[in-house]
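These notes concern the structure reproduced below.
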Amino acid sequence: MILIDGKRIASEIKTEIKNKISALIEDGKNIPGLVTIMVGNDPSSLIYINNKEKACKEVGIQSVSEKLRSDISQQDLLNLISSYNNRKDYHGMLVQLPLPKHIDENKIIEAISPDKDVDGFHPINIGKLIAGKDAFVPCTPAGIQELLKRYNIETVGKHVVVLGRSNIVGKPVANLLMQKNKYANAIVTVCHSAAHDLNQYTRTADILIAAIGKPEFVKADMVKEGVVVIDVGINRIKDDSHPNGSRVVGDVDFQDVSKKASYITPVPGGVGLMTIAMLLQNTYKAYLINGG
Ligand code: NDP
């Protein structure tokens, strides 16, 4: 069994981006800029935003974080987005989700310029992804494909089974891996909560991607020998043997499934770290698209 080391790959990607930005600075060019917008003070969102800012700093991306009161009006938020759409120094923009109930998330996502949409959630980018055109790909699915690529895991003609159909993971990763190119071209099955007998699908998977948000749900008897397992889940469970009384596990029972897997991502240390690395990569892409 080979452990897919998301930490190492994410660090490689960060170094690559850092080198590209150093070259821009040496040439006296502008540097990529990212604005992150957060509404309210949800503690998890705050951690995500701070991690994103920290990662930007590490590689030399200029970042600004707009932290807004939870009672900001939808119109004021739309006005702020519009002002960043027009700025030349901020090439990428993301709005941290979820948003307070009085704000329509779809309206907000659609207000971000598709050329600055580094989260890849804008309908134009979703449409381009499905059509197989160059697009901003949501960061977690992009990170999954990058891991497969950098570990030379063949996807062409393989049966990929995706557990979960969310708009941020399940659907985009399925669409990404079914595209006709050398890093995809897989036969993809998407499973969700209406599946009657999940095992009949998971047992035929060459590559299993679990994104359902259920701690240690996938067991060894659900997979075949030699399966490649990508565990997207991030679930905090109670564990009194840990100092803070809990620990983070994936959607896959790692101890059990790793006995049968040829490759497997750990949690933590797998897909999670790739998500931020791909955000940096998307920001660099936005810089190029928006003329530097
Ligand atoms: P959602 O809650 O949005 O979606 C979960 C999906 O899983 C739904 O499609 C649901 O089906 C399906 N599902 C739930 N239970 C079952 C079941 N028993 N059998 C089959 N399908 C099931 O989750 P997300 O996609 O947002 O996140 C999934 C997990 O990935 C979470 O643990 C989350 O924390 C983690 N995550 C990790 C990221 C990272 O960077 N590593 C980034 C994003 C998420 P239905 O549609 O029918 O309800």
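Every chain in the structure tokens has a letter given in the order shown (A, B, ...), and although residue numbers restart at 1 in each chain, ligands are simply numbered from 1 in the order shown.
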Quick one: DSSP helix (DSSP H, G or I) residues in segment 31-278 of chain A, as a compact mmCIF listing (two decimals) with N, CA, C and O atoms, in the first residue's frame?
# COMPACT_ATOMS: atom_id res chain seq x y z
N PRO A 43 -16.68 30.41 13.40
CA PRO A 43 -15.30 30.05 13.74
C PRO A 43 -14.60 29.19 12.68
O PRO A 43 -13.42 29.41 12.38
N SER A 44 -15.33 28.22 12.08
CA SER A 44 -14.69 27.38 11.05
C SER A 44 -14.31 28.22 9.84
O SER A 44 -13.21 28.09 9.29
N SER A 45 -15.23 29.12 9.43
CA SER A 45 -14.94 29.97 8.27
C SER A 45 -13.72 30.84 8.54
O SER A 45 -12.87 31.05 7.66
N LEU A 46 -13.63 31.32 9.79
CA LEU A 46 -12.50 32.17 10.15
C LEU A 46 -11.18 31.40 10.03
O LEU A 46 -10.18 31.91 9.51
N ILE A 47 -11.20 30.15 10.48
CA ILE A 47 -9.98 29.33 10.37
C ILE A 47 -9.62 29.14 8.88
O ILE A 47 -8.46 29.31 8.48
N TYR A 48 -10.63 28.81 8.06
CA TYR A 48 -10.36 28.62 6.62
C TYR A 48 -9.77 29.88 6.00
O TYR A 48 -8.78 29.82 5.28
N ILE A 49 -10.39 31.03 6.31
CA ILE A 49 -9.94 32.29 5.71
C ILE A 49 -8.51 32.60 6.16
O ILE A 49 -7.65 32.99 5.36
N ASN A 50 -8.25 32.41 7.45
CA ASN A 50 -6.90 32.69 7.95
C ASN A 50 -5.87 31.76 7.31
O ASN A 50 -4.76 32.19 6.96
N ASN A 51 -6.24 30.48 7.12
CA ASN A 51 -5.32 29.55 6.46
C ASN A 51 -5.05 29.95 5.02
O ASN A 51 -3.92 29.83 4.53
N LYS A 52 -6.07 30.43 4.36
CA LYS A 52 -5.91 30.86 2.96
C LYS A 52 -4.96 32.06 2.89
O LYS A 52 -4.08 32.12 2.04
N GLU A 53 -5.17 33.00 3.81
CA GLU A 53 -4.32 34.19 3.84
C GLU A 53 -2.86 33.82 4.12
O GLU A 53 -1.93 34.33 3.49
N LYS A 54 -2.68 32.89 5.06
CA LYS A 54 -1.34 32.45 5.44
C LYS A 54 -0.65 31.79 4.23
O LYS A 54 0.53 32.07 3.94
N ALA A 55 -1.40 30.96 3.53
CA ALA A 55 -0.83 30.26 2.36
C ALA A 55 -0.44 31.27 1.28
O ALA A 55 0.60 31.13 0.63
N CYS A 56 -1.27 32.30 1.09
CA CYS A 56 -0.95 33.34 0.10
C CYS A 56 0.37 34.01 0.47
O CYS A 56 1.23 34.20 -0.40
N LYS A 57 0.52 34.35 1.72
CA LYS A 57 1.75 35.01 2.19
C LYS A 57 2.96 34.14 1.91
O LYS A 57 3.99 34.62 1.45
N GLU A 58 2.82 32.83 2.21
CA GLU A 58 3.95 31.89 2.02
C GLU A 58 4.49 31.93 0.59
O GLU A 58 5.69 31.80 0.38
N VAL A 59 3.59 32.05 -0.39
CA VAL A 59 4.06 31.98 -1.78
C VAL A 59 4.25 33.36 -2.42
O VAL A 59 4.72 33.45 -3.54
N GLN A 74 -27.44 42.48 1.42
CA GLN A 74 -27.03 41.79 0.19
C GLN A 74 -26.49 42.81 -0.83
O GLN A 74 -25.49 42.57 -1.50
N GLN A 75 -27.16 43.97 -0.89
CA GLN A 75 -26.75 44.98 -1.87
C GLN A 75 -25.34 45.50 -1.57
O GLN A 75 -24.53 45.67 -2.48
N ASP A 76 -25.05 45.72 -0.28
CA ASP A 76 -23.71 46.21 0.06
C ASP A 76 -22.65 45.16 -0.29
O ASP A 76 -21.55 45.50 -0.75
N LEU A 77 -22.99 43.89 -0.08
CA LEU A 77 -22.05 42.83 -0.45
C LEU A 77 -21.86 42.79 -1.97
O LEU A 77 -20.73 42.68 -2.46
N LEU A 78 -22.96 42.92 -2.69
CA LEU A 78 -22.86 42.93 -4.16
C LEU A 78 -22.01 44.12 -4.64
O LEU A 78 -21.21 43.97 -5.57
N ASN A 79 -22.17 45.26 -3.96
CA ASN A 79 -21.39 46.45 -4.35
C ASN A 79 -19.89 46.22 -4.12
O ASN A 79 -19.06 46.61 -4.94
N LEU A 80 -19.57 45.54 -3.00
CA LEU A 80 -18.16 45.26 -2.70
C LEU A 80 -17.57 44.32 -3.77
O LEU A 80 -16.46 44.53 -4.27
N ILE A 81 -18.35 43.28 -4.11
CA ILE A 81 -17.89 42.33 -5.13
C ILE A 81 -17.66 43.07 -6.45
O ILE A 81 -16.63 42.88 -7.11
N SER A 82 -18.59 43.93 -6.78
CA SER A 82 -18.47 44.69 -8.04
C SER A 82 -17.20 45.55 -8.03
O SER A 82 -16.49 45.64 -9.04
N SER A 83 -16.89 46.14 -6.86
CA SER A 83 -15.69 46.99 -6.82
C SER A 83 -14.42 46.14 -7.03
O SER A 83 -13.51 46.56 -7.73
N TYR A 84 -14.39 44.92 -6.47
CA TYR A 84 -13.21 44.06 -6.70
C TYR A 84 -13.20 43.47 -8.12
O TYR A 84 -12.13 43.20 -8.65
N ASN A 85 -14.37 43.31 -8.71
CA ASN A 85 -14.39 42.86 -10.12
C ASN A 85 -13.65 43.85 -11.00
O ASN A 85 -13.03 43.48 -12.00
N GLU A 105 -27.03 33.05 -1.71
CA GLU A 105 -25.69 32.59 -2.12
C GLU A 105 -25.52 32.58 -3.63
O GLU A 105 -24.46 32.96 -4.15
N ASN A 106 -26.55 32.12 -4.32
CA ASN A 106 -26.45 32.03 -5.79
C ASN A 106 -26.21 33.40 -6.41
O ASN A 106 -25.40 33.55 -7.32
N LYS A 107 -26.92 34.40 -5.90
CA LYS A 107 -26.77 35.77 -6.43
C LYS A 107 -25.33 36.25 -6.22
O LYS A 107 -24.75 36.92 -7.07
N ILE A 108 -24.78 35.91 -5.06
CA ILE A 108 -23.43 36.36 -4.72
C ILE A 108 -22.40 35.67 -5.62
O ILE A 108 -21.51 36.32 -6.19
N ILE A 109 -22.53 34.36 -5.76
CA ILE A 109 -21.58 33.62 -6.60
C ILE A 109 -21.65 34.14 -8.04
O ILE A 109 -20.62 34.32 -8.70
N GLU A 110 -22.86 34.40 -8.50
CA GLU A 110 -23.03 34.85 -9.88
C GLU A 110 -22.52 36.28 -10.09
O GLU A 110 -22.26 36.69 -11.23
N ALA A 111 -22.37 37.03 -9.00
CA ALA A 111 -21.88 38.41 -9.13
C ALA A 111 -20.36 38.47 -9.30
O ALA A 111 -19.83 39.47 -9.79
N PRO A 123 -21.65 29.65 -12.32
CA PRO A 123 -22.27 28.77 -13.33
C PRO A 123 -21.50 28.72 -14.65
O PRO A 123 -21.49 27.69 -15.31
N ILE A 124 -20.85 29.82 -15.02
CA ILE A 124 -20.09 29.80 -16.28
C ILE A 124 -18.92 28.83 -16.17
O ILE A 124 -18.64 28.05 -17.10
N ASN A 125 -18.25 28.84 -15.04
CA ASN A 125 -17.12 27.90 -14.87
C ASN A 125 -17.61 26.45 -14.75
O ASN A 125 -16.97 25.53 -15.25
N ILE A 126 -18.75 26.27 -14.08
CA ILE A 126 -19.33 24.91 -13.98
C ILE A 126 -19.66 24.41 -15.39
O ILE A 126 -19.34 23.28 -15.76
N GLY A 127 -20.29 25.29 -16.17
CA GLY A 127 -20.66 24.91 -17.55
C GLY A 127 -19.44 24.57 -18.39
O GLY A 127 -19.43 23.58 -19.13
N LYS A 128 -18.40 25.38 -18.25
CA LYS A 128 -17.17 25.13 -19.02
C LYS A 128 -16.55 23.79 -18.62
O LYS A 128 -16.06 23.05 -19.46
N LEU A 129 -16.56 23.51 -17.31
CA LEU A 129 -15.99 22.25 -16.83
C LEU A 129 -16.75 21.07 -17.45
O LEU A 129 -16.13 20.13 -17.98
N ILE A 130 -18.07 21.15 -17.43
CA ILE A 130 -18.87 20.06 -18.00
C ILE A 130 -18.60 19.93 -19.51
O ILE A 130 -18.50 18.82 -20.03
N ALA A 131 -18.45 21.07 -20.17
CA ALA A 131 -18.23 21.05 -21.62
C ALA A 131 -16.79 20.69 -22.00
O ALA A 131 -16.46 20.62 -23.18
N CYS A 139 -11.50 23.84 -6.10
CA CYS A 139 -10.17 23.49 -5.59
C CYS A 139 -10.04 22.04 -5.11
O CYS A 139 -9.00 21.41 -5.36
N THR A 140 -11.04 21.51 -4.42
CA THR A 140 -10.90 20.13 -3.92
C THR A 140 -10.86 19.12 -5.08
O THR A 140 -9.94 18.29 -5.12
N PRO A 141 -11.80 19.17 -6.02
CA PRO A 141 -11.69 18.26 -7.18
C PRO A 141 -10.37 18.44 -7.95
O PRO A 141 -9.74 17.45 -8.35
N ALA A 142 -9.95 19.69 -8.12
CA ALA A 142 -8.67 19.92 -8.83
C ALA A 142 -7.53 19.27 -8.06
O ALA A 142 -6.61 18.68 -8.65
N GLY A 143 -7.59 19.37 -6.73
CA GLY A 143 -6.54 18.77 -5.89
C GLY A 143 -6.53 17.25 -6.00
O GLY A 143 -5.46 16.62 -6.01
N ILE A 144 -7.71 16.66 -6.11
CA ILE A 144 -7.81 15.19 -6.25
C ILE A 144 -7.16 14.77 -7.57
O ILE A 144 -6.35 13.83 -7.60
N GLN A 145 -7.50 15.48 -8.64
CA GLN A 145 -6.92 15.11 -9.94
C GLN A 145 -5.39 15.27 -9.92
O GLN A 145 -4.66 14.46 -10.47
N GLU A 146 -4.94 16.33 -9.26
CA GLU A 146 -3.49 16.59 -9.18
C GLU A 146 -2.77 15.48 -8.43
O GLU A 146 -1.68 15.06 -8.81
N LEU A 147 -3.38 14.98 -7.36
CA LEU A 147 -2.78 13.87 -6.61
C LEU A 147 -2.66 12.63 -7.50
O LEU A 147 -1.61 11.97 -7.53
N LEU A 148 -3.72 12.33 -8.23
CA LEU A 148 -3.70 11.15 -9.12
C LEU A 148 -2.60 11.31 -10.17
O LEU A 148 -1.85 10.38 -10.46
N LYS A 149 -2.52 12.53 -10.70
CA LYS A 149 -1.54 12.84 -11.75
C LYS A 149 -0.12 12.67 -11.22
O LYS A 149 0.71 12.00 -11.82
N ARG A 150 0.14 13.27 -10.07
CA ARG A 150 1.53 13.28 -9.56
C ARG A 150 1.94 11.93 -9.00
O ARG A 150 3.12 11.69 -8.81
N GLY A 170 -18.47 16.26 -5.10
CA GLY A 170 -18.93 15.10 -5.88
C GLY A 170 -19.17 15.40 -7.35
O GLY A 170 -18.58 14.76 -8.22
N LYS A 171 -20.04 16.36 -7.63
CA LYS A 171 -20.38 16.64 -9.04
C LYS A 171 -19.16 17.12 -9.84
O LYS A 171 -18.91 16.60 -10.92
N PRO A 172 -18.42 18.12 -9.34
CA PRO A 172 -17.30 18.57 -10.18
C PRO A 172 -16.21 17.51 -10.36
O PRO A 172 -15.62 17.41 -11.43
N VAL A 173 -15.93 16.69 -9.33
CA VAL A 173 -14.85 15.70 -9.51
C VAL A 173 -15.30 14.64 -10.52
O VAL A 173 -14.50 14.16 -11.33
N ALA A 174 -16.59 14.30 -10.50
CA ALA A 174 -17.11 13.34 -11.48
C ALA A 174 -16.97 13.90 -12.89
O ALA A 174 -16.51 13.21 -13.81
N ASN A 175 -17.34 15.15 -13.04
CA ASN A 175 -17.23 15.78 -14.37
C ASN A 175 -15.79 15.91 -14.84
O ASN A 175 -15.49 15.71 -16.01
N LEU A 176 -14.93 16.22 -13.90
CA LEU A 176 -13.51 16.39 -14.24
C LEU A 176 -12.91 15.07 -14.74
O LEU A 176 -12.18 15.04 -15.73
N LEU A 177 -13.22 14.00 -14.04
CA LEU A 177 -12.57 12.72 -14.35
C LEU A 177 -13.22 11.99 -15.52
O LEU A 177 -12.67 11.01 -16.00
N MET A 178 -14.35 12.49 -16.00
CA MET A 178 -14.95 11.84 -17.18
C MET A 178 -14.53 12.54 -18.48
O MET A 178 -14.84 12.07 -19.57
N LEU A 198 -25.10 0.25 -1.82
CA LEU A 198 -23.89 0.98 -2.19
C LEU A 198 -22.75 0.03 -2.59
O LEU A 198 -21.98 0.31 -3.50
N ASN A 199 -22.69 -1.11 -1.88
CA ASN A 199 -21.58 -2.04 -2.10
C ASN A 199 -21.46 -2.53 -3.54
O ASN A 199 -20.37 -2.77 -4.03
N GLN A 200 -22.60 -2.68 -4.19
CA GLN A 200 -22.55 -3.19 -5.57
C GLN A 200 -21.79 -2.22 -6.48
O GLN A 200 -21.25 -2.61 -7.50
N TYR A 201 -21.77 -0.96 -6.11
CA TYR A 201 -21.02 0.04 -6.89
C TYR A 201 -19.58 0.13 -6.38
O TYR A 201 -18.63 0.10 -7.15
N THR A 202 -19.44 0.27 -5.07
CA THR A 202 -18.10 0.52 -4.52
C THR A 202 -17.16 -0.66 -4.77
O THR A 202 -15.97 -0.45 -4.98
N ALA A 220 -13.54 -2.14 4.63
CA ALA A 220 -12.80 -3.00 3.69
C ALA A 220 -13.72 -3.89 2.86
O ALA A 220 -13.44 -4.14 1.68
N ASP A 221 -14.82 -4.35 3.44
CA ASP A 221 -15.70 -5.25 2.65
C ASP A 221 -16.47 -4.52 1.56
O ASP A 221 -17.16 -5.14 0.76
N MET A 222 -16.31 -3.19 1.49
CA MET A 222 -16.99 -2.42 0.43
C MET A 222 -16.10 -2.20 -0.78
O MET A 222 -16.56 -1.62 -1.78
N PHE A 254 -9.69 4.09 7.70
CA PHE A 254 -8.33 3.98 7.16
C PHE A 254 -7.66 2.66 7.53
O PHE A 254 -7.09 1.97 6.67
N GLN A 255 -7.72 2.29 8.82
CA GLN A 255 -7.03 1.07 9.28
C GLN A 255 -7.53 -0.15 8.50
O GLN A 255 -6.75 -1.00 8.07
N ASP A 256 -8.83 -0.22 8.33
CA ASP A 256 -9.48 -1.35 7.69
C ASP A 256 -9.21 -1.36 6.17
O ASP A 256 -8.71 -2.34 5.61
N VAL A 257 -9.49 -0.25 5.53
CA VAL A 257 -9.44 -0.19 4.05
C VAL A 257 -8.01 -0.20 3.54
O VAL A 257 -7.74 -0.74 2.46
N VAL A 271 -6.17 14.99 1.04
CA VAL A 271 -6.84 15.93 0.12
C VAL A 271 -6.93 17.35 0.70
O VAL A 271 -6.79 18.33 -0.02
N GLY A 272 -7.16 17.45 2.00
CA GLY A 272 -7.39 18.75 2.64
C GLY A 272 -6.32 19.78 2.30
O GLY A 272 -6.62 20.92 1.95
N LEU A 273 -5.06 19.37 2.37
CA LEU A 273 -3.98 20.31 2.13
C LEU A 273 -3.89 20.70 0.66
O LEU A 273 -3.39 21.77 0.32
N MET A 274 -4.38 19.82 -0.20
CA MET A 274 -4.35 20.11 -1.63
C MET A 274 -5.33 21.21 -2.00
O MET A 274 -5.13 21.95 -2.96
N THR A 275 -6.42 21.31 -1.22
CA THR A 275 -7.46 22.28 -1.55
C THR A 275 -6.87 23.71 -1.55
O THR A 275 -7.10 24.48 -2.49
N ILE A 276 -6.09 24.02 -0.53
CA ILE A 276 -5.52 25.38 -0.47
C ILE A 276 -4.43 25.55 -1.55
O ILE A 276 -4.34 26.60 -2.18
N ALA A 277 -3.66 24.49 -1.79
CA ALA A 277 -2.62 24.59 -2.83
C ALA A 277 -3.27 24.91 -4.18
O ALA A 277 -2.75 25.71 -4.97
N MET A 278 -4.43 24.28 -4.44
CA MET A 278 -5.09 24.53 -5.72
C MET A 278 -5.72 25.92 -5.77
O MET A 278 -5.86 26.51 -6.84
Write out, as a Markdown table, each residue of chain A that has an atom at most 9 Å from ligand 1, together with the closest pair of atoms and their distance in Å to one decimal, counting only C-alpha atoms and all ligand atoms, rows going by chain and rising number.
| residue | atom | partner | partner_atom_place_in_ligand_line | distance |
| --- | --- | --- | --- | --- |
| A:Cys139 | CA | ligand 1 | 40 (O) | 7.8 |
| A:Thr140 | CA | ligand 1 | 40 (O) | 5.4 |
| A:Pro141 | CA | ligand 1 | 42 (C) | 8.6 |
| A:Gly143 | CA | ligand 1 | 40 (O) | 8.6 |
| A:Val162 | CA | ligand 1 | 21 (N) | 9.0 |
| A:Leu163 | CA | ligand 1 | 21 (N) | 5.4 |
| A:Gly164 | CA | ligand 1 | 7 (O) | 3.5 |
| A:Arg165 | CA | ligand 1 | 9 (O) | 3.7 |
| A:Ser166 | CA | ligand 1 | 25 (O) | 4.4 |
| A:Asn167 | CA | ligand 1 | 25 (O) | 7.0 |
| A:Ile168 | CA | ligand 1 | 25 (O) | 5.9 |
| A:Val169 | CA | ligand 1 | 25 (O) | 4.8 |
| A:Gly170 | CA | ligand 1 | 25 (O) | 5.9 |
| A:Lys171 | CA | ligand 1 | 9 (O) | 8.6 |
| A:Val190 | CA | ligand 1 | 21 (N) | 8.9 |
| A:Cys191 | CA | ligand 1 | 20 (C) | 5.6 |
| A:His192 | CA | ligand 1 | 21 (N) | 3.4 |
| A:Ser193 | CA | ligand 1 | 21 (N) | 3.8 |
| A:Ala194 | CA | ligand 1 | 47 (O) | 5.6 |
| A:Ala195 | CA | ligand 1 | 20 (C) | 6.3 |
| A:His196 | CA | ligand 1 | 19 (N) | 8.7 |
| A:Leu198 | CA | ligand 1 | 19 (N) | 6.8 |
| A:Ala210 | CA | ligand 1 | 29 (C) | 7.6 |
| A:Ala211 | CA | ligand 1 | 28 (C) | 4.0 |
| A:Ile212 | CA | ligand 1 | 7 (O) | 3.4 |
| A:Gly213 | CA | ligand 1 | 32 (O) | 3.2 |
| A:Lys214 | CA | ligand 1 | 32 (O) | 6.4 |
| A:Pro215 | CA | ligand 1 | 32 (O) | 7.6 |
| A:Phe217 | CA | ligand 1 | 18 (N) | 7.8 |
| A:Asp231 | CA | ligand 1 | 41 (N) | 7.8 |
| A:Val232 | CA | ligand 1 | 41 (N) | 4.6 |
| A:Gly233 | CA | ligand 1 | 32 (O) | 3.5 |
| A:Ile234 | CA | ligand 1 | 32 (O) | 4.0 |
| A:Asn235 | CA | ligand 1 | 32 (O) | 5.3 |
| A:Arg236 | CA | ligand 1 | 32 (O) | 8.9 |
| A:Val249 | CA | ligand 1 | 32 (O) | 8.8 |
| A:Gly250 | CA | ligand 1 | 32 (O) | 6.8 |
| A:Asp251 | CA | ligand 1 | 32 (O) | 6.6 |
| A:Val267 | CA | ligand 1 | 41 (N) | 8.5 |
| A:Pro268 | CA | ligand 1 | 41 (N) | 8.5 |
| A:Gly270 | CA | ligand 1 | 41 (N) | 7.5 |
| A:Val271 | CA | ligand 1 | 41 (N) | 4.8 |
| A:Gly272 | CA | ligand 1 | 41 (N) | 3.4 |
| A:Leu273 | CA | ligand 1 | 40 (O) | 6.7 |
| A:Met274 | CA | ligand 1 | 40 (O) | 7.1 |
| A:Thr275 | CA | ligand 1 | 40 (O) | 4.9 |
| A:Ile276 | CA | ligand 1 | 40 (O) | 7.6 |
Residues of segment 109-271 of chain A in strand (DSSP E), written as a count of residues only: 28
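Here atom CA of Ile153 of chain A stands at a distance of 21.3 Å from atom CA of Glu16 of chain A.
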Nearby residues (only C-alpha atoms) at most 7 Å from Pro138 of chain A, same-chain spacing under 5 positions excluded, as an MDAnalysis selection string: chainID A and resid 119:121 168
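Using only C-alpha atoms for every distance, the candidate list A:Val229, A:Ile17, A:Val160, A:Ile112 yields A:Ile17 as the residue closest to Tyr284 of chain A.
A straight line drawn from atom CA of Val252 of chain A to atom CA of Phe136 of chain A is 28.1 Å long.
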